[in-house]
file data-v4.cif (mmCIF, C-alpha atoms)
data_run
#
loop_
_atom_site.label_atom_id
_atom_site.label_comp_id
_atom_site.auth_asym_id
_atom_site.auth_seq_id
_atom_site.Cartn_x
_atom_site.Cartn_y
_atom_site.Cartn_z
CA MET A 1 7.80 -7.35 -17.52
CA PHE A 2 10.15 -4.38 -17.92
CA HIS A 3 12.91 -3.80 -15.40
CA GLY A 4 15.97 -1.66 -15.17
CA THR A 5 17.63 1.44 -16.48
CA ILE A 6 21.13 2.28 -17.66
CA THR A 7 23.27 4.45 -15.38
CA LYS A 8 26.92 4.41 -14.49
CA GLU A 9 26.03 3.30 -10.98
CA LEU A 10 24.06 0.29 -12.20
CA THR A 11 26.16 -0.80 -15.16
CA SER A 12 29.23 -1.03 -12.96
CA HIS A 13 27.43 -3.29 -10.51
CA GLU A 14 28.44 -6.94 -10.51
CA GLU A 15 24.82 -8.08 -10.86
CA TRP A 16 24.10 -5.80 -13.81
CA SER A 17 24.08 -8.69 -16.30
CA HIS A 18 21.02 -10.08 -14.50
CA TYR A 19 19.06 -6.89 -15.26
CA ASN A 20 20.58 -5.96 -18.60
CA GLU A 21 18.60 -8.58 -20.49
CA ASN A 22 15.38 -6.79 -19.56
CA ILE A 23 16.33 -3.37 -20.91
CA ILE A 24 14.25 -1.58 -23.51
CA GLU A 25 15.12 1.73 -25.12
CA ASP A 26 12.01 3.75 -24.37
CA GLN A 27 11.96 4.46 -20.64
CA LYS A 28 8.43 5.86 -20.88
CA ASP A 29 7.14 2.32 -21.39
CA PHE A 30 8.60 0.86 -18.19
CA VAL A 31 5.87 -0.41 -15.88
CA PHE A 32 8.01 -2.41 -13.42
CA VAL A 33 11.42 -1.84 -11.86
CA LYS A 34 12.99 -4.00 -9.19
CA PHE A 35 16.36 -2.94 -7.79
CA SER A 36 16.72 -4.48 -4.35
CA GLY A 37 19.92 -4.63 -2.31
CA LEU A 38 22.14 -2.97 -4.93
CA TYR A 39 23.53 -0.19 -2.69
CA LEU A 40 21.95 2.51 -4.87
CA LYS A 41 21.94 6.10 -3.59
CA SER A 42 19.79 7.90 -6.14
CA MET A 43 16.47 7.54 -7.94
CA GLU A 44 16.99 10.44 -10.36
CA TYR A 45 16.96 8.20 -13.42
CA LEU A 46 13.33 7.25 -12.69
CA GLN A 47 12.03 10.73 -13.51
CA SER A 48 11.10 9.74 -17.06
CA TYR A 49 9.36 6.49 -16.08
CA ILE A 50 5.88 7.98 -16.43
CA SER A 51 4.19 4.60 -16.99
CA LEU A 52 5.71 2.97 -13.90
CA LYS A 53 3.17 1.01 -11.84
CA VAL A 54 5.30 -1.17 -9.56
CA CYS A 55 8.54 0.16 -8.10
CA ILE A 56 10.66 -1.97 -5.77
CA PHE A 57 13.73 -0.10 -4.54
CA SER A 58 14.27 -1.80 -1.20
CA ASN A 59 17.46 -2.28 0.82
CA ASN A 60 19.50 0.48 -0.79
CA PHE A 61 20.86 3.84 0.44
CA ILE A 62 18.06 6.09 -0.84
CA THR A 63 17.39 9.32 1.07
CA ASP A 64 15.35 11.34 -1.45
CA ILE A 65 12.31 10.07 -3.39
CA HIS A 66 11.31 13.33 -5.13
CA PRO A 67 12.28 11.93 -8.57
CA LEU A 68 9.18 9.73 -8.37
CA GLN A 69 6.87 12.73 -8.67
CA ASN A 70 6.31 12.03 -12.37
CA CYS A 71 5.42 8.38 -11.76
CA ILE A 72 1.75 9.17 -11.27
CA LYS A 73 0.56 5.67 -12.26
CA LEU A 74 2.25 3.91 -9.35
CA ILE A 75 0.15 1.24 -7.62
CA LYS A 76 2.82 -0.28 -5.40
CA LEU A 77 5.93 1.43 -4.02
CA ASP A 78 8.40 -0.55 -1.91
CA LEU A 79 11.15 1.55 -0.33
CA HIS A 80 11.81 -0.44 2.82
CA GLY A 81 15.34 -0.79 4.14
CA ASN A 82 16.65 2.59 2.98
CA GLN A 83 17.81 5.75 4.80
CA ILE A 84 14.82 8.01 4.24
CA LYS A 85 14.17 10.58 6.99
CA ASN A 86 11.66 12.90 5.32
CA LEU A 87 8.89 12.55 2.75
CA PRO A 88 7.90 14.94 -0.05
CA ASP A 89 5.02 17.37 0.55
CA THR A 90 1.29 16.79 0.06
CA LYS A 91 1.44 17.86 -3.59
CA PHE A 92 3.67 14.87 -4.33
CA TRP A 93 1.34 12.39 -2.63
CA SER A 94 -1.89 13.84 -4.00
CA GLY A 95 -0.45 13.22 -7.47
CA LEU A 96 -0.15 9.48 -6.79
CA LYS A 97 -3.87 8.85 -7.25
CA TYR A 98 -3.54 5.09 -7.83
CA LEU A 99 -1.01 4.22 -5.11
CA LYS A 100 -2.46 1.47 -2.90
CA LEU A 101 0.52 -0.25 -1.24
CA LEU A 102 3.39 1.71 0.33
CA TYR A 103 6.22 -0.06 2.17
CA LEU A 104 8.42 2.30 4.20
CA HIS A 105 9.48 0.08 7.10
CA ASP A 106 13.09 -0.04 8.28
CA ASN A 107 13.84 3.59 7.38
CA ALA A 108 14.96 6.57 9.48
CA PHE A 109 11.64 8.38 10.07
CA ALA A 110 11.67 9.91 13.54
CA LYS A 111 8.88 12.53 13.55
CA LEU A 112 5.17 11.88 13.20
CA LYS A 113 4.47 15.26 11.63
CA ASN A 114 6.70 14.32 8.69
CA LEU A 115 4.42 11.36 7.93
CA CYS A 116 1.07 13.17 8.03
CA VAL A 117 1.65 14.28 4.41
CA LEU A 118 0.51 10.77 3.47
CA SER A 119 -3.03 11.91 4.24
CA ALA A 120 -3.01 13.47 0.77
CA CYS A 121 -2.64 10.05 -0.88
CA PRO A 122 -6.23 9.39 -2.04
CA SER A 123 -6.17 5.59 -2.55
CA LEU A 124 -3.61 4.32 -0.03
CA ILE A 125 -4.87 1.06 1.50
CA ALA A 126 -1.82 -0.50 3.18
CA LEU A 127 1.23 1.14 4.78
CA THR A 128 4.26 -0.19 6.68
CA LEU A 129 6.46 1.84 9.03
CA PHE A 130 7.55 -0.74 11.60
CA ASP A 131 11.25 -0.82 12.55
CA CYS A 132 11.40 2.97 12.09
CA PRO A 133 12.15 5.18 15.14
CA VAL A 134 8.76 6.88 14.74
CA SER A 135 6.92 3.59 15.30
CA LEU A 136 8.06 3.66 18.94
CA LYS A 137 6.43 7.03 19.63
CA LYS A 138 3.29 7.22 21.76
CA GLY A 139 0.20 7.65 19.63
CA TYR A 140 1.99 6.71 16.42
CA ARG A 141 -0.67 4.33 15.18
CA HIS A 142 -3.59 6.46 16.38
CA VAL A 143 -2.33 9.54 14.52
CA LEU A 144 -1.71 7.75 11.23
CA VAL A 145 -4.92 5.71 11.30
CA ASN A 146 -6.97 8.86 11.82
CA SER A 147 -5.00 10.99 9.37
CA ILE A 148 -4.95 8.72 6.32
CA TRP A 149 -8.64 8.12 5.72
CA PRO A 150 -8.48 5.45 2.98
CA LEU A 151 -6.01 3.36 5.03
CA LYS A 152 -7.19 -0.15 5.94
CA ALA A 153 -3.98 -1.78 7.21
CA LEU A 154 -0.95 -0.44 9.06
CA ASP A 155 2.13 -2.58 9.68
CA HIS A 156 1.05 -6.11 10.66
CA HIS A 157 -2.61 -5.44 11.47
CA VAL A 158 -5.75 -4.46 9.65
CA ILE A 159 -7.28 -1.36 11.25
CA SER A 160 -10.13 -2.07 13.68
CA ASP A 161 -13.31 0.00 14.08
CA GLU A 162 -12.22 0.63 17.66
CA GLU A 163 -9.20 2.59 16.39
CA ILE A 164 -11.34 4.85 14.23
CA ILE A 165 -14.46 5.45 16.34
CA GLN A 166 -13.52 7.29 19.52
CA ASN A 167 -14.45 5.77 22.88
CA TRP A 168 -16.09 2.73 21.32
CA GLN A 169 -15.41 -0.30 23.50
CA LEU A 170 -15.81 -3.50 21.50
CA PRO A 171 -15.78 -7.21 22.45
CA GLU A 172 -12.40 -8.94 22.34
CA ARG A 173 -13.01 -10.33 18.85
CA PHE A 174 -13.15 -6.84 17.35
CA LYS A 175 -10.45 -5.10 19.38
CA ALA A 176 -7.32 -3.55 17.87
CA TYR A 177 -4.37 -5.92 17.39
CA ASN A 178 -6.65 -8.94 17.71
CA GLN A 179 -5.18 -12.04 16.08
CA ARG A 180 -8.08 -12.05 13.61
CA LEU A 181 -6.80 -8.70 12.32
CA PHE A 182 -3.21 -9.85 11.87
CA PHE A 183 -2.01 -9.96 8.27
CA ASN A 184 1.58 -9.90 7.01
CA PHE A 185 1.12 -8.15 3.67
CA CYS A 186 4.82 -7.38 3.15
CA THR A 187 6.31 -10.84 2.75
CA ALA A 188 9.93 -11.32 1.69
CA LEU A 189 10.71 -10.59 -1.95
CA LYS A 190 11.23 -13.54 -4.25
CA LYS A 191 14.00 -13.46 -6.81
CA GLY A 192 12.84 -13.43 -10.40
CA THR A 193 9.30 -12.17 -9.80
CA THR A 194 7.61 -10.71 -12.87
CA TYR A 195 5.29 -7.78 -13.37
CA GLU A 196 2.37 -10.20 -13.60
CA ASP A 197 3.44 -11.81 -10.30
CA GLU A 198 3.44 -8.39 -8.66
CA LEU A 199 -0.01 -7.50 -9.98
CA ASN A 200 -1.37 -10.80 -8.67
CA ASN A 201 0.22 -10.11 -5.29
CA ILE A 202 -1.32 -6.63 -5.15
CA LYS A 203 -4.76 -8.11 -5.87
CA TYR A 204 -4.20 -10.79 -3.22
CA VAL A 205 -3.17 -8.27 -0.55
CA ILE A 206 -6.11 -5.96 -1.20
CA SER A 207 -8.68 -8.78 -1.34
CA SER A 208 -7.27 -10.34 1.85
CA ILE A 209 -7.51 -7.03 3.74
CA ASN A 210 -11.09 -6.52 2.55
CA LYS A 211 -12.00 -10.09 3.54
CA ILE A 212 -10.59 -9.62 7.05
CA LEU A 213 -12.55 -6.37 7.44
CA ALA A 214 -15.75 -7.96 6.14
CA HIS A 215 -15.64 -10.54 8.96
CA ASN A 216 -14.21 -8.38 11.76
CA SER A 217 -15.65 -4.88 11.34
CA PRO A 218 -18.94 -4.40 13.26
CA VAL A 219 -19.71 -1.39 11.06
CA LEU A 220 -19.43 -3.41 7.85
CA ILE A 221 -21.31 -6.36 9.36
CA VAL A 222 -24.22 -4.10 10.38
CA GLN A 223 -24.20 -2.34 7.00
CA ARG A 224 -24.32 -5.71 5.23
CA TRP A 225 -27.22 -6.86 7.42
CA ILE A 226 -29.18 -3.63 6.77
CA ARG A 227 -28.62 -3.88 3.00
CA GLY A 228 -29.81 -7.49 3.06
CA PHE A 229 -32.89 -6.52 5.10
CA LEU A 230 -33.81 -3.68 2.71
CA ILE A 231 -33.36 -5.89 -0.36
CA ARG A 232 -35.54 -8.62 1.14
CA LYS A 233 -38.16 -6.03 2.04
CA LYS A 234 -38.12 -4.63 -1.48
CA LEU A 235 -38.43 -8.12 -2.98
CA ASP A 236 -41.38 -8.89 -0.71
CA LYS A 237 -43.15 -5.72 -1.88
CA THR A 238 -42.47 -6.59 -5.52
CA LYS A 239 -43.79 -10.11 -5.00
CA LEU A 240 -46.91 -8.75 -3.32
CA TRP A 241 -47.50 -6.28 -6.17
CA VAL A 242 -47.14 -9.06 -8.80
CA ASN A 243 -49.55 -11.33 -6.95
CA PHE A 244 -52.07 -8.52 -6.54
CA HIS A 245 -52.08 -7.75 -10.27
#
call {"tool": "encode", "arguments": {"input": "data-v4.cif", "output": "structure tokens"}}
result
Amino acid sequence: MFHGTITKELTSHEEWSHYNENIIEDQKDFVFVKFSGLYLKSMEYLQSYISLKVCIFSNNFITDIHPLQNCIKLIKLDLHGNQIKNLPDTKFWSGLKYLKLLYLHDNAFAKLKNLCVLSACPSLIALTLFDCPVSLKKGYRHVLVNSIWPLKALDHHVISDEEIIQNWQLPERFKAYNQRLFFNFCTALKKGTTYEDELNNIKYVISSINKILAHNSPVLIVQRWIRGFLIRKKLDKTKLWVNFH
């Protein structure tokens, strides 16, 4: 829908003409920016994009994402393929109340403690950190899964009940990393995607994760069975009362 911004760094870029046609004057109205593979080093010009909902800034040279602190309406943030080593504090992430998809893979994160700030992100459903040094550390997945409570998918797998409930040994079908839990929710970017395309993709990713959980989470399966049992019981009582009167 709306892409781009005017800065010396961008306007001098050879591909600027591709983005220039999408420019509007009022930056506060921007809901979608997509600057991928443009060798950009700064995000400072996004500070005034208070309506931004989808931000794709992948494959650049970004190291600092603090300028996004005013973009409190973000739903999807794609920063993969940059040079980010550290994340902003919990205040930054608690402000992103609507953020559901966060792509941080192929960055320079090396310490787990620097990632635990993501626990303050109240609606985060899917996160990627594969191909970062930290993903090779022992306990990496366990720490993140049990720190970010709303999280349902990390890297290429939906989170299993076994990863959340300590010492719960489940049948093969429900175990962590089972093929049934595999889901690649960070597919390659397509050139020319629109804001509407991105919104549809966000809906698809979230619904697919929920569908996988519905069929492969013993907790959800049992909850669904109990709800069904209680509803049937209530309907039987109502039917009995109607027949009696």
call {"tool": "resolve_selection", "arguments": {"input": "data-v4.cif", "expression": "the PyMOL selection byres ((chain A and resi 125-133) around 8)", "output": "list in words"}}
result
Lys100, Leu101, Leu102, Tyr103, Leu104, His105, Asp106, Asn107, Ala108, Phe109, Ala110, Ser123, Leu124, Val134, Ser135, Leu136, Lys137, Pro150, Leu151, Lys152, Ala153, Leu154, Asp155, His156 and Ile206 of chain A
call {"tool": "resolve_selection", "arguments": {"input": "data-v4.cif", "expression": "the PyMOL selection byres ((chain A and resi 73) around 12)", "output": "VMD selection string"}}
result
chain A and resid 28 to 32 49 to 55 68 to 72 74 to 77 93 to 100 123
call {"tool": "closest_residue", "arguments": {"input": "data-v4.cif", "among": "A:Tyr45, A:Phe61, A:Phe185, A:Phe35", "to": "Ser208 of chain A", "atoms": "all atoms listed in the file"}}
result
A:Phe185
call {"tool": "closest_residue", "arguments": {"input": "data-v4.cif", "among": "A:Lys203, A:Lys113, A:Arg173, A:Lys34", "to": "Ser147 of chain A", "atoms": "all atoms listed in the file"}}
result
A:Lys113
call {"tool": "closest_residue", "arguments": {"input": "data-v4.cif", "among": "A:Ser119, A:Asn114, A:Thr193, A:Asn210", "to": "Val158 of chain A", "atoms": "all atoms listed in the file"}}
result
A:Asn210
call {"tool": "closest_residue", "arguments": {"input": "data-v4.cif", "among": "A:Leu112, A:Leu170, A:Ile165, A:Ile202", "to": "Tyr140 of chain A", "atoms": "all atoms listed in the file"}}
result
A:Leu112
call {"tool": "resolve_selection", "arguments": {"input": "data-v4.cif", "expression": "the PyMOL selection byres ((chain A and resi 194) around 10)", "output": "PDB file with C-alpha atoms, in the frame of the given file"}}
result
ATOM      1  CA  MET A   1       7.800  -7.350 -17.520  1.00  0.00           C
ATOM      2  CA  PHE A   2      10.150  -4.380 -17.920  1.00  0.00           C
ATOM      3  CA  HIS A   3      12.910  -3.800 -15.400  1.00  0.00           C
ATOM      4  CA  PHE A  32       8.010  -2.410 -13.420  1.00  0.00           C
ATOM      5  CA  VAL A  33      11.420  -1.840 -11.860  1.00  0.00           C
ATOM      6  CA  LYS A  34      12.990  -4.000  -9.190  1.00  0.00           C
ATOM      7  CA  LYS A 190      11.230 -13.540  -4.250  1.00  0.00           C
ATOM      8  CA  LYS A 191      14.000 -13.460  -6.810  1.00  0.00           C
ATOM      9  CA  GLY A 192      12.840 -13.430 -10.400  1.00  0.00           C
ATOM     10  CA  THR A 193       9.300 -12.170  -9.800  1.00  0.00           C
ATOM     11  CA  TYR A 195       5.290  -7.780 -13.370  1.00  0.00           C
ATOM     12  CA  GLU A 196       2.370 -10.200 -13.600  1.00  0.00           C
ATOM     13  CA  ASP A 197       3.440 -11.810 -10.300  1.00  0.00           C
ATOM     14  CA  GLU A 198       3.440  -8.390  -8.660  1.00  0.00           C
ATOM     15  CA  LEU A 199      -0.010  -7.500  -9.980  1.00  0.00           C
ATOM     16  CA  ASN A 200      -1.370 -10.800  -8.670  1.00  0.00           C
TER      17      ASN A 200
END
call {"tool": "atom_distance", "arguments": {"input": "data-v4.cif", "atom1": "atom CA of Leu118 of chain A", "atom2": "atom CA of Arg141 of chain A"}}
result
13.4 Å
call {"tool": "atom_distance", "arguments": {"input": "data-v4.cif", "atom1": "atom CA of Thr90 of chain A", "atom2": "atom CA of Lys111 of chain A"}}
result
16.1 Å
call {"tool": "atom_distance", "arguments": {"input": "data-v4.cif", "atom1": "atom CA of Leu38 of chain A", "atom2": "atom CA of Cys186 of chain A"}}
result
19.6 Å
call {"tool": "axis_aligned_box", "arguments": {"input": "data-v4.cif", "around": "segment 171-186 of chain A", "padding_each_side": "8 Å", "output": "JSON"}}
result
{"center_x": -5.5, "center_y": -7.8, "center_z": 12.8, "size_x": 36.6, "size_y": 24.5, "size_z": 35.3}
call {"tool": "closest_residue", "arguments": {"input": "data-v4.cif", "among": "A:Ile159, A:Cys116, A:Cys121, A:Ile56", "to": "Val143 of chain A", "atoms": "all atoms listed in the file"}}
result
A:Cys116
call {"tool": "residues_near_point", "arguments": {"input": "data-v4.cif", "point": "(14.4, 3.4, 2.7)", "cutoff": "7 Å", "atoms": "all atoms listed in the file", "output": "list of chain:residue names"}}
result
A:Ser58, A:Asn59, A:Asn60, A:Phe61, A:Ile62, A:Thr63, A:Leu79, A:His80, A:Gly81, A:Asn82, A:Gln83, A:Ile84, A:Leu104, A:Asp106, A:Asn107
call {"tool": "decode", "arguments": {"input": "data-v4.cif", "residues": "segment 71-92 of chain A", "atoms": "C-alpha atoms", "output": "PDB file, in the first residue's frame"}}
result
ATOM      1  CA  CYS A  71       5.891   2.163  15.709  1.00  0.00           C
ATOM      2  CA  ILE A  72       3.549   0.735  18.314  1.00  0.00           C
ATOM      3  CA  LYS A  73       1.068  -0.645  15.752  1.00  0.00           C
ATOM      4  CA  LEU A  74       3.512  -3.119  14.228  1.00  0.00           C
ATOM      5  CA  ILE A  75       2.087  -6.582  13.507  1.00  0.00           C
ATOM      6  CA  LYS A  76       4.976  -8.021  11.512  1.00  0.00           C
ATOM      7  CA  LEU A  77       8.650  -7.060  11.750  1.00  0.00           C
ATOM      8  CA  ASP A  78      11.189  -8.708   9.443  1.00  0.00           C
ATOM      9  CA  LEU A  79      14.813  -7.860  10.239  1.00  0.00           C
ATOM     10  CA  HIS A  80      16.522 -11.034   9.092  1.00  0.00           C
ATOM     11  CA  GLY A  81      19.905 -10.867   7.404  1.00  0.00           C
ATOM     12  CA  ASN A  82      21.239  -7.811   9.240  1.00  0.00           C
ATOM     13  CA  GLN A  83      24.064  -7.250  11.756  1.00  0.00           C
ATOM     14  CA  ILE A  84      22.071  -6.885  14.965  1.00  0.00           C
ATOM     15  CA  LYS A  85      23.854  -8.045  18.139  1.00  0.00           C
ATOM     16  CA  ASN A  86      21.629  -6.595  20.855  1.00  0.00           C
ATOM     17  CA  LEU A  87      17.941  -5.831  21.267  1.00  0.00           C
ATOM     18  CA  PRO A  88      16.278  -2.863  22.996  1.00  0.00           C
ATOM     19  CA  ASP A  89      15.078  -3.282  26.595  1.00  0.00           C
ATOM     20  CA  THR A  90      11.741  -4.636  27.832  1.00  0.00           C
ATOM     21  CA  LYS A  91      10.107  -1.194  27.685  1.00  0.00           C
ATOM     22  CA  PHE A  92      10.569  -1.192  23.908  1.00  0.00           C
TER      23      PHE A  92
END
